[in-house]
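Enquirer: Here it is, the structure in full.
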Amino acid sequence: MASKKTLNAKNLEALGASHLSKLMIEITKGDVEAKRRLRLELAGAQGSGEVAKEIRKRLVTIARSQSFVEWDKIKKLVKDLEYQRNAIVNQVAKDNPKQALELMWRFVALANSVFERCDDGSGRTVEVFHAAVDDLGELAVAAKPEPKALANQAYNALIENNYGQYDYLIRSSTPALGAKGLEYLKKRLIALSKKTVPKPDPDNRKVVSWGSGGPGYADEYEERKRKSVVNLALQEIADAQGDVDAFIAQKSKETRTVPAVATEIAERLLTAGRIEEAWDAIDAVAEDRPGWIPFEWEQMRIEVLEALGRGEEAQDFRWSCFKRSLNAAHLRSYLKHLPDFDDMEAEDRAFVHVLQYPSFHQSLSFLVSWPSLDKAEELVLSRTDEFDGDHYEVLTPAAEALEANHPLASTLLRRSLIDFALLKGRSRRYGYAARHLQECANLAGSVDDFGSFESHEVYQSRLKSEYGRNSRFWGLVDD
């Protein structure tokens, strides 16, 4: 049975309303955030209309604020914004969805002013506004605004989308906009696309940036912004209307050879059953193009080949993709499509390729994640001259995975991390290096034969000889 002193709702209720109210007043002294929440709760007891008034006042205050929010104060700002958003959805919307919709539009309209005075590299702030945009769609369905009026609001919002807060507005609003609203919004955007930003006289052009190509002008920025807004919005409307050709029309011929763009086009054509056209789209990208090729493009090419009934070509492509990138997903798919008992031979062939792959660290990462720890040990012992202790994100998990059954390989990887930290003087890594040295000591008794490699005692003695003056590192080792 719980103690009567346990902090829970039942025990607090036993204190009585009068005592609790005095306690709340005392606790919230000097706590602006807590007082604000209490006032909102009191307003809620008077009905959703009073809650809406409190929210509206708070939104006005946030909009007028000019103080810069440092990164360490972001959490508090996000909490305040989230509380206002939740109050709109959970309190106002229950009784008055139209009023809730109006408040949510006001809420999202805060975004530009908030981001102008906000240092948030974490992305938490924009996530609040993205959630609010999702709320807009649900509230609009409940409030049933006239589609044309909603389309006008969406149009104005998209033009003010300076920080990506409205990126998902069309998707969210589609159910409420309906066919009529989407078509009207599309016409407004097409009309905007035909306008150009007036170019001022050369002497009156406003410079907003400088770069290697010279000054950047405000009118040029506005023109690029207009084109981007129109292009992205028309793509989303095309998806909402199921119009593949309209989506493709927003992609220039030059960009259609970019893997990401070709993938988007091919995916939509394939979904629409236009398989031959999907092949033309995905095949517009040269398979041997230099630079990075995204997995999504490779996967879409395979899907189109399968849809065309060209299974053998799909298999050959899976294998070539695996050989190029060591992507485990391609190899698993390749093995899955092989006849019974052929997969083991193919897996062995794949391991031979992995062991000879130019990038040691990529090979090691593949073998550990596959997993094939015996092969990972073979790789480590045969290519020790290729270790780069700077790649702690690969070597550390590999060392941990190998330590149980392959202690020598695990030890060698940890030595690489230690050597790098000391050789390069990476003081921030000394703590990790000291821990790795202790782990090497722990593993030494499990190594049957160090072979041509130094024993732990010899290795540590050499470290003492070469870095004995590094008191910071050895102090951590002693601790």
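So you can find residues: chains in the structure tokens are A, B, ... in the order shown, residues in each start at 1, and ligands are numbered from 1 in order.
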Mind the document's chain letters and residue numbers, and return as a ChimeraX atom specification the residues of region 54-282 of chain A that DSSP labels helix (DSSP H, G or I).
Expert: /A:54-64,71-95,97-108,111-116,124-143,147-159,169-193,202-204,218-241,244-249,255-257,259-271,275-282
Enquirer: Identify, on the basis of only C-alpha atoms, every residue whose closest approach to region 261-275 of chain A does not exceed 10 Å; exclude the query and any residue fewer than 6 positions from it along the same chain; express the result as a list of chain:residue names.
Expert: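 The contact residues come out as A:Asp239, A:Gly242, A:Asp243, A:Val244, A:Asp245, A:Phe247, A:Ile248, A:Lys251, A:Ser252, A:Thr255, A:Ala281, A:Ile282, A:Asp283, A:Ala284, A:Val285, A:Pro294, A:Glu296, A:Trp297, A:Glu298, A:Gln299, A:Met300, A:Arg301, A:Glu303, A:Val304, A:Leu305, A:Ala307, A:Leu308.
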Enquirer: I need the residue nearest Phe295 (chain A) from this list: A:Arg414, A:Arg435, A:His330, A:His391. Use only C-alpha atoms for the distance.
Expert: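 Closest candidate: A:His330.
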Enquirer: Measuring between only C-alpha atoms, which one of A:Val352, A:Ile74, A:Leu437, A:Leu103 shows the shortest distance to Lys57 (chain A)?
Expert: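 Looking at the shortest contact to Lys57 (chain A), the residue is A:Leu103.
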Enquirer: Hey, what's within 10 Å of Lys323 (chain A) if we count only C-alpha atoms and toss same-chain stuff fewer than 4 positions away? As an NGL selection string, please?
Expert: :A and (317-319 or 327 or 330-331 or 350 or 353-354 or 357)
Enquirer: Residues within 12 Å of Ser455 (chain A), please, as an mmCIF file with C-alpha atoms, in the first residue's frame. Count only C-alpha atoms; anything in the same chain fewer than 5 positions from it doesn't count.
Expert:
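The new file selection_0.cif reads:
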data_model
loop_
_atom_site.group_PDB
_atom_site.id
_atom_site.type_symbol
_atom_site.label_atom_id
_atom_site.label_comp_id
_atom_site.auth_asym_id
_atom_site.auth_seq_id
_atom_site.Cartn_x
_atom_site.Cartn_y
_atom_site.Cartn_z
ATOM 1 C CA LEU A 408 43.245 -9.836 -30.892
ATOM 2 C CA THR A 411 42.715 -5.103 -29.395
ATOM 3 C CA LEU A 412 44.318 -3.940 -32.649
ATOM 4 C CA ARG A 415 45.216 0.441 -30.329
ATOM 5 C CA CYS A 440 43.159 -3.835 -24.139
ATOM 6 C CA ALA A 441 44.620 -4.864 -20.771
ATOM 7 C CA LEU A 443 41.522 -8.589 -23.281
ATOM 8 C CA ALA A 444 45.229 -9.478 -23.121
ATOM 9 C CA GLY A 445 44.607 -12.646 -21.131
ATOM 10 C CA SER A 446 42.134 -13.861 -23.775
ATOM 11 C CA VAL A 447 44.631 -13.573 -26.651
ATOM 12 C CA ASP A 448 46.259 -16.973 -27.171
ATOM 13 C CA ASP A 449 48.994 -15.684 -29.459
ATOM 14 C CA PHE A 450 49.854 -12.112 -30.424
ATOM 15 C CA GLN A 460 52.016 -0.108 -23.226
ATOM 16 C CA SER A 461 55.745 0.183 -22.574
ATOM 17 C CA ARG A 462 56.221 1.722 -26.021
#
